[in-house]
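Below you'll find the structure, written out as structure tokens, and then a few comments.
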Number of protein chains: 2
Amino acid sequence: MSKKNAFYAQSGGVTAVINASACGVIETARKHTDQIGNVFAGRNGIIGALTEDLIDTSQESDAAIAALRHTPSGGFGSCRFKLKGLEESKREYERLIDVFKAHDIGYFFYNGGGDSADTCYKVSQLSEKMGYPVQAIHVPKTVDNDLPVTDNCPGFGSVAKYIAVSTLEASYDVRSMAKTSTKVFVIEVMGRHAGWIAAAGGLAEDRGIPVVILFPEVTFNQETFIARCQEMVETHGYVTVVVSEGAHWPDGKFLAEQGTRDAFGHAQLGGAAPVVANMIKQALGYKFHWAVADYLQRAARHLASKSDVEQAYAMGKAAVEYALAGENSIMPTVVRKSSNPYVWEVGKAPLSEVANVEKMMPKEFITADGYGITAACKDYLYPLIRGEEYPPYVDGMPDYVTLKNKPLAKKLPAFEL
Amino acid sequence: MSKKNAFYAQSGGVTAVINASACGVIETARKHTDQIGNVFAGRNGIIGALTEDLIDTSQESDAAIAALRHTPSGGFGSCRFKLKGLEESKREYERLIDVFKAHDIGYFFYNGGGDSADTCYKVSQLSEKMGYPVQAIHVPKTVDNDLPVTDNCPGFGSVAKYIAVSTLEASYDVRSMAKTSTKVFVIEVMGRHAGWIAAAGGLAEDRGIPVVILFPEVTFNQETFIARCQEMVETHGYVTVVVSEGAHWPDGKFLAEQGTRDAFGHAQLGGAAPVVANMIKQALGYKFHWAVADYLQRAARHLASKSDVEQAYAMGKAAVEYALAGENSIMPTVVRKSSNPYVWEVGKAPLSEVANVEKMMPKEFITADGYGITAACKDYLYPLIRGEEYPPYVDGMPDYVTLKNKPLAKKLPAFEL
């Protein structure tokens with residue numbers, strides 16, 4: 001078997017640790033130069049493959065690749081570009097194979113969530129049919145924690161830690177101010193479909209904070225919500241509300257879509273947090289503050305979870321090792337052996353079982369009233385946020401790397417996206 | 001001279017390090033039990049003094065007081081309650097003196113911003129007149145960094161570090177996504193009147209990030225702002241906008257007050273960030289994301305600046321030492337001797353020079369076009385964010401202390417606020 005090159009790409013929303021997976025892939029490949037040639041990365045994800053805009057990672061020093069482990073975001077660029085069915089997107093799939101063939105690529109490492117698992121699966125199917133077999137391995141990544149089979153997804157642990165810590169800190173603040181000022185603090189977190197991130201805010205409860213969570217899994221009920229907030233303020237003097245961006249009314253409309261219009265009559269894209277805060281103000285008159293964490297939460301490498309960084313790296317490393325062991329069309333997974341003490345190992349799942357399956361919060365993780373998390377949920381979450389792995393700092397700011405990202409010479413005609 | 005007790009209170013918006021000043025006050029007082037009796041703290045700030053709701057800090061262990069150094073927020077509670085002129089608020093000032101007299105309090109340490117400096121000043125004036133002299137020392141605190149005389153205010157360095165790091169991290173994120181998705185990221189920061197916090201976002205520029213800052217000191221100009229954002233996106237592929245909550249139109253109206261109404265016709269309190277983001281979208285069509293950091297920024301002890309923690313502690317310590325040296329009606333200050341290397345020492349300012357003076361960003365700290373910070377501003381900021389001082393963690397979350405806050409027995413009749 002002649003030595004093949006590898007292709008690596010980052011897909012969809014980036015995380016605090018997706019670069020740690022990239023680091024795991026490239027460092028491991030560099031240890032097996034007898035079997036793997038160069039690692040090419042897609043500039044801006046799969047678009048880089050389609051347009052033959054490949055990054056030559058051999059131009060990056062070992063130190064630069066090592067620094068990816070502590071650098072958030074997608075070091076090679078990512079994209080939101082979904083390939084559809086094999087028939088519908090036939091032209092794109094065939095182009096991928098053409099590019100792989102032109103650059104002698106035998107390994108496809110695709111680092112992303114559900115959509116990219118599906119693409120990865122289809123590439124492995126098609127490449128065989130086309131007589132140019134490529135080993136396609138999906139590297140799991142998503143802050144939403146919604147991939148099946150794996151116990152958790154790299155990226156989630158760090159965002160969960162960020163939300164747990166931020167909820168705790170802001171709650172200490174509102175607790176200090178509640179006597180004469182703010183009594184309600186609302187923090188909006190990511191998770192359009194699954195409430196995993198919102199759940200992490202519930203960990204602040206174990207530090208004595210009165211928390212009310214609005215999950216996407218639980219249909220919003222204004223009456224019981226307001227009553228719960230009132231009860232919390234009357235008991236504790238204040239309340240912290242963690243609202244998922246996916247929290248919605250019975251008709252499915254997101255809380256954030258309030259039909260709000262600005263002075264010019266333009267529909268205004270607001271957040272769920274101000275909507276919820278104003279709702280409480282109107283019903284109960286309490287002074288409020290609200291925050292929308294948005295990208296801050298998923299980019300916060302400064303507060304990454306140690307287990308998350310380790311797992312992100314391990315998934316990248318395992319992807320290469322599985323490929324070298326002849327595996328195809330699989331995804332490395334995190335297998336939890338025990339929560340206390342936390343013991344996990346690397347496993348694998350066939351992509352046929354991963355593609356297009358979304359893992360929601362199990363019912364037993366949400367309290368009966370729908371506003372909190374259960375002990376089982378906390379047992380699940382704690383191991384994922386435990387441990388700190390700080391980046392190095394220079395001049396008071398993290399010393400994140402920006403790669404050179406030198407392009408590889410093109411060999412094929414241009415391709416219209 | 002008989003041994004007197006001390007009174008300490010926290011005022012106004014709390015910070016990541018105001019408790020470090022409390023720690024400095026109490027630990028220093030505990031080292032001088034020959035001269036200072038007990039330290040009583042006001043529950044919820046000055047309201048605690050007025051209502052004789054005093055906390056007996058002698059009930060707190062040395063370990064609990066030490067833990068204040070790494071705990072954000074106001075450990076004894078703070079309040080927004082402004083005492084007015086000596087005539088207008090005569091009843092309150094006299095009550096303060098009555099409470100001090102009843103509990104044999106000879107030292108008044110008031111930890112806050114401009115308003116509390118004014119109150120502290122008036123107490124020192126009145127107490128002499130009333131024949132019960134109290135040594136009133138103001139301990140500086142404000143994330144807004146707007147106190148005069150002192151080079152900077154404890155609380156500011158940590159929020160500046162948080163905004164600098166968060167701007168950097170979120171910008172790495174949007175840079176990764178910009179090819180097919182988000183091209184504009186807007187982060188809203190605190191600072192109603194002064195743009196110090198917004199300025200900190202400009203430090204990300206030194207890491208290659210295209211940043212546009214909207215200061216409260218610079219009247220908003222939609223046309224030049226949109227042009228600048230377009231230029232940045234066309235040059236770099238993306239842009240990060242740091243908008244101060246105090247950014248305003250020529251008529252003084254805040255950007256956040258867009259006359260927005262919700263579905264029920266209620267005026268909607270939005271943030272400046274969504275307004276700015278939608279404005280760019282409408283003008284240029286770029287996809288955006290926005291965040292409002294709110295309390296997260298000033299509570300983020302997990303990312304505190306080491307020099308800020310040290311200065312906050314030093315101000316508390318110096319307050320007690322100045323009091324023991326017989327000083328009255330002053331505020332300890334940070335005196336910068338040199339920026340590179342950073343050398344500072346503790347100084348002092350008479351409260352007559354501090355009360356009711358607001359320090360804005362100097363003109364030479366803002367670039368000529370009004371959208372960035374100058375090299376002089378960066379020289380000023382870097383020493384304040386340098387160094388990390390992480391709190392201890394348990395189970396993945398910081399181990400912040402919650403004090404017992406046991407009340408002292410009351411001796412006086414009740415007082416109606």
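Residue names in the structure tokens use chain letters A, B, ... in the order shown, residue numbers from 1 in each chain, and ligand numbers from 1 in the order shown.
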Can you pull out every residue from region 205-312 of chain A that DSSP, working from the backbone, puts in strand (DSSP E or B), and format the result as a compact mmCIF listing (two decimals) with N, CA and C atoms, in the first residue's frame?
# COMPACT_ATOMS: atom_id res chain seq x y z
N VAL A 211 -32.05 29.16 40.81
CA VAL A 211 -31.98 29.18 39.36
C VAL A 211 -33.28 28.66 38.76
N VAL A 212 -33.78 29.33 37.75
CA VAL A 212 -34.93 28.84 36.97
C VAL A 212 -34.44 28.69 35.54
N ILE A 213 -34.63 27.49 34.97
CA ILE A 213 -34.12 27.23 33.62
C ILE A 213 -35.27 27.10 32.64
N LEU A 214 -35.11 27.73 31.47
CA LEU A 214 -36.10 27.57 30.40
C LEU A 214 -35.45 26.74 29.29
N VAL A 239 -33.50 36.11 41.87
CA VAL A 239 -33.56 34.88 41.09
C VAL A 239 -32.70 35.03 39.83
N THR A 240 -32.10 33.93 39.42
CA THR A 240 -31.35 33.90 38.17
C THR A 240 -32.08 32.99 37.18
N VAL A 241 -32.36 33.52 36.00
CA VAL A 241 -33.04 32.74 34.97
C VAL A 241 -32.03 32.40 33.87
N VAL A 242 -31.93 31.12 33.54
CA VAL A 242 -31.10 30.69 32.41
C VAL A 242 -32.04 30.32 31.28
N VAL A 243 -32.02 31.10 30.21
CA VAL A 243 -32.96 30.83 29.12
C VAL A 243 -32.20 30.36 27.88
N SER A 244 -32.63 29.23 27.36
CA SER A 244 -32.05 28.72 26.12
C SER A 244 -32.59 29.52 24.95
N HIS A 248 -39.41 28.14 23.71
CA HIS A 248 -40.47 28.50 22.76
C HIS A 248 -41.87 28.36 23.35
N PHE A 254 -40.22 30.86 18.86
CA PHE A 254 -39.21 31.14 19.88
C PHE A 254 -39.61 32.36 20.71
N ARG A 261 -40.57 45.55 16.72
CA ARG A 261 -40.18 46.40 15.59
C ARG A 261 -39.44 47.63 16.10
N ALA A 267 -38.57 44.69 11.49
CA ALA A 267 -38.62 43.61 12.46
C ALA A 267 -37.26 43.55 13.15
N PHE A 288 -34.38 44.35 36.67
CA PHE A 288 -33.65 43.21 36.08
C PHE A 288 -32.36 43.65 35.40
N HIS A 289 -31.52 42.70 35.16
CA HIS A 289 -30.38 42.82 34.24
C HIS A 289 -30.39 41.56 33.38
N TRP A 290 -29.87 41.66 32.18
CA TRP A 290 -29.80 40.47 31.33
C TRP A 290 -28.52 40.47 30.51
N ALA A 291 -28.09 39.28 30.19
CA ALA A 291 -26.88 39.09 29.38
C ALA A 291 -27.18 38.08 28.28
N VAL A 292 -26.54 38.27 27.15
CA VAL A 292 -26.60 37.28 26.07
C VAL A 292 -25.15 36.87 25.80
N SER A 305 -12.71 23.47 30.04
CA SER A 305 -12.70 22.31 30.93
C SER A 305 -11.55 21.40 30.53
Nearby residues (only C-alpha atoms) at most 9 Å from Ala160 (chain A), same-chain spacing under 4 positions excluded, as a list in words
Val143, Gly155, Phe156, Ala164, Val165, Trp196, Ile197, Ala198, Ala199, Ala200, Gly201, Gln297, Ser305, Leu381, Leu384 and Ile385 of chain A
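Distance annotation: of A:Tyr132, A:Tyr93, A:Tyr295, A:Tyr400, the residue with the minimal separation from chain B is A:Tyr295; atom set is only C-alpha atoms.
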Ser127 (chain A) environment, 12 Å, only C-alpha atoms, sequence neighbours closer than 4 positions dropped, as a list of chain:residue names:
A:Leu86, A:Lys90, A:Tyr93, A:Glu94, A:Arg95, A:Leu96, A:Ile97, A:Asp98, A:Val99, A:Phe100, A:Lys101, A:Ile105, A:Gly106, A:Tyr107, A:Phe108, A:Thr119, A:Cys120, A:Tyr121, A:Lys122, A:Val123, A:Gly131, A:Tyr132, A:Pro133, A:Val134, A:Gln135, A:Ala136, A:Asn328, A:Ser329
Sel. of alpha helix (DSSP H) residues, region 75-254 of chain B, as number ranges by chain:
B: 90-102, 114-129, 156-177, 196-201, 222-236
Grab the residues selected above and save them as a PDB file, in the first residue's frame with C-alpha atoms.
ATOM      1  CA  LYS B  90     -29.646  65.718  57.413  1.00  0.00           C
ATOM      2  CA  ARG B  91     -31.796  63.056  59.077  1.00  0.00           C
ATOM      3  CA  GLU B  92     -29.752  60.251  57.442  1.00  0.00           C
ATOM      4  CA  TYR B  93     -26.359  61.750  58.239  1.00  0.00           C
ATOM      5  CA  GLU B  94     -27.340  62.280  61.854  1.00  0.00           C
ATOM      6  CA  ARG B  95     -28.619  58.733  62.050  1.00  0.00           C
ATOM      7  CA  LEU B  96     -25.275  57.460  60.765  1.00  0.00           C
ATOM      8  CA  ILE B  97     -23.481  59.315  63.532  1.00  0.00           C
ATOM      9  CA  ASP B  98     -25.980  57.993  66.087  1.00  0.00           C
ATOM     10  CA  VAL B  99     -25.338  54.425  64.976  1.00  0.00           C
ATOM     11  CA  PHE B 100     -21.585  54.955  64.970  1.00  0.00           C
ATOM     12  CA  LYS B 101     -21.803  56.406  68.472  1.00  0.00           C
ATOM     13  CA  ALA B 102     -24.013  53.565  69.761  1.00  0.00           C
ATOM     14  CA  GLY B 114     -18.039  58.865  43.201  1.00  0.00           C
ATOM     15  CA  ASP B 115     -21.284  58.932  45.192  1.00  0.00           C
ATOM     16  CA  SER B 116     -19.846  57.124  48.177  1.00  0.00           C
ATOM     17  CA  ALA B 117     -16.750  59.352  48.133  1.00  0.00           C
ATOM     18  CA  ASP B 118     -19.142  62.258  48.503  1.00  0.00           C
ATOM     19  CA  THR B 119     -21.024  60.581  51.373  1.00  0.00           C
ATOM     20  CA  CYS B 120     -17.756  59.714  53.066  1.00  0.00           C
ATOM     21  CA  TYR B 121     -16.615  63.320  52.766  1.00  0.00           C
ATOM     22  CA  LYS B 122     -19.844  64.628  54.275  1.00  0.00           C
ATOM     23  CA  VAL B 123     -19.721  62.169  57.175  1.00  0.00           C
ATOM     24  CA  SER B 124     -16.245  63.364  58.085  1.00  0.00           C
ATOM     25  CA  GLN B 125     -17.450  66.990  58.008  1.00  0.00           C
ATOM     26  CA  LEU B 126     -20.630  66.357  59.969  1.00  0.00           C
ATOM     27  CA  SER B 127     -19.126  64.087  62.593  1.00  0.00           C
ATOM     28  CA  GLU B 128     -16.775  66.833  63.729  1.00  0.00           C
ATOM     29  CA  LYS B 129     -19.607  69.330  63.906  1.00  0.00           C
ATOM     30  CA  PHE B 156     -11.591  48.221  36.314  1.00  0.00           C
ATOM     31  CA  GLY B 157      -8.507  46.123  35.551  1.00  0.00           C
ATOM     32  CA  SER B 158     -10.442  42.870  35.810  1.00  0.00           C
ATOM     33  CA  VAL B 159     -13.376  43.989  33.703  1.00  0.00           C
ATOM     34  CA  ALA B 160     -10.886  45.371  31.164  1.00  0.00           C
ATOM     35  CA  LYS B 161      -9.123  42.010  31.068  1.00  0.00           C
ATOM     36  CA  TYR B 162     -12.447  40.212  30.645  1.00  0.00           C
ATOM     37  CA  ILE B 163     -13.493  42.465  27.758  1.00  0.00           C
ATOM     38  CA  ALA B 164     -10.067  42.308  26.088  1.00  0.00           C
ATOM     39  CA  VAL B 165      -9.988  38.499  26.292  1.00  0.00           C
ATOM     40  CA  SER B 166     -13.645  38.022  25.349  1.00  0.00           C
ATOM     41  CA  THR B 167     -13.289  40.346  22.362  1.00  0.00           C
ATOM     42  CA  LEU B 168     -10.212  38.427  21.238  1.00  0.00           C
ATOM     43  CA  GLU B 169     -11.879  35.027  21.651  1.00  0.00           C
ATOM     44  CA  ALA B 170     -15.156  35.939  19.969  1.00  0.00           C
ATOM     45  CA  SER B 171     -13.208  37.569  17.134  1.00  0.00           C
ATOM     46  CA  TYR B 172     -11.276  34.360  16.534  1.00  0.00           C
ATOM     47  CA  ASP B 173     -14.671  32.669  16.330  1.00  0.00           C
ATOM     48  CA  VAL B 174     -16.171  35.081  13.795  1.00  0.00           C
ATOM     49  CA  ARG B 175     -12.942  34.977  11.779  1.00  0.00           C
ATOM     50  CA  SER B 176     -13.436  31.210  11.480  1.00  0.00           C
ATOM     51  CA  MET B 177     -17.031  31.560  10.344  1.00  0.00           C
ATOM     52  CA  TRP B 196     -12.726  52.967  29.623  1.00  0.00           C
ATOM     53  CA  ILE B 197     -14.234  49.487  29.423  1.00  0.00           C
ATOM     54  CA  ALA B 198     -14.966  49.785  25.702  1.00  0.00           C
ATOM     55  CA  ALA B 199     -11.371  50.882  25.193  1.00  0.00           C
ATOM     56  CA  ALA B 200     -10.158  47.555  26.563  1.00  0.00           C
ATOM     57  CA  GLY B 201     -11.759  45.764  23.608  1.00  0.00           C
ATOM     58  CA  GLN B 222     -24.171  56.234  11.457  1.00  0.00           C
ATOM     59  CA  GLU B 223     -22.679  57.053   8.084  1.00  0.00           C
ATOM     60  CA  THR B 224     -19.002  56.951   9.010  1.00  0.00           C
ATOM     61  CA  PHE B 225     -19.615  53.970  11.289  1.00  0.00           C
ATOM     62  CA  ILE B 226     -21.202  51.887   8.532  1.00  0.00           C
ATOM     63  CA  ALA B 227     -18.433  52.918   6.128  1.00  0.00           C
ATOM     64  CA  ARG B 228     -15.795  51.841   8.631  1.00  0.00           C
ATOM     65  CA  CYS B 229     -17.438  48.447   9.185  1.00  0.00           C
ATOM     66  CA  GLN B 230     -17.703  47.880   5.442  1.00  0.00           C
ATOM     67  CA  GLU B 231     -14.046  48.762   4.952  1.00  0.00           C
ATOM     68  CA  MET B 232     -13.045  46.330   7.718  1.00  0.00           C
ATOM     69  CA  VAL B 233     -15.104  43.467   6.287  1.00  0.00           C
ATOM     70  CA  GLU B 234     -13.802  44.091   2.793  1.00  0.00           C
ATOM     71  CA  THR B 235     -10.202  44.128   4.065  1.00  0.00           C
ATOM     72  CA  HIS B 236     -10.278  41.423   6.733  1.00  0.00           C
TER      73      HIS B 236
END
Name all residues at most 7 Å from Val320 (chain A) (count only C-alpha atoms; drop same-chain ones fewer than 5 positions away) and give them as an mmCIF file with C-alpha atoms, in the first residue's frame.
data_model
loop_
_atom_site.group_PDB
_atom_site.id
_atom_site.type_symbol
_atom_site.label_atom_id
_atom_site.label_comp_id
_atom_site.auth_asym_id
_atom_site.auth_seq_id
_atom_site.Cartn_x
_atom_site.Cartn_y
_atom_site.Cartn_z
ATOM 1 C CA VAL A 25 -5.078 14.695 14.230
ATOM 2 C CA THR A 28 -0.667 11.903 15.553
ATOM 3 C CA ALA A 29 -0.260 11.923 11.780
#
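CA of Glu388 (chain A) is found 10.2 Å from CA of Arg301 (chain A).
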Distance of CA of Lys141 (chain A) from CA of Ala314 (chain A), expressed in Å to one decimal place:
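Separating CA of Ala314 (chain A) from CA of Lys141 (chain A) is a distance of 12.0 Å.
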Which residue of B:Ile330, B:Met360, B:Leu296, B:Ile18 approaches chain A most closely, using only C-alpha atoms:
B:Leu296
Please identify all polymer residues within 7 Å of Asp151 (chain B), counting only C-alpha atoms, omitting same-chain residues fewer than 5 positions from it, and present them as an MDAnalysis selection string.
chainID B and resid 334:336
Would you output that residue set with N, CA and C atoms, as a PDB file, in the first residue's frame?
ATOM      1  N   VAL B 334      -3.997  54.765  43.623  1.00  0.00           N
ATOM      2  CA  VAL B 334      -2.924  54.070  42.926  1.00  0.00           C
ATOM      3  C   VAL B 334      -2.121  55.131  42.186  1.00  0.00           C
ATOM      4  N   VAL B 335      -0.835  55.187  42.468  1.00  0.00           N
ATOM      5  CA  VAL B 335       0.042  56.145  41.793  1.00  0.00           C
ATOM      6  C   VAL B 335       0.951  55.373  40.842  1.00  0.00           C
ATOM      7  N   ARG B 336       0.851  55.677  39.567  1.00  0.00           N
ATOM      8  CA  ARG B 336       1.695  54.983  38.580  1.00  0.00           C
ATOM      9  C   ARG B 336       3.035  55.699  38.477  1.00  0.00           C
TER      10      ARG B 336
END
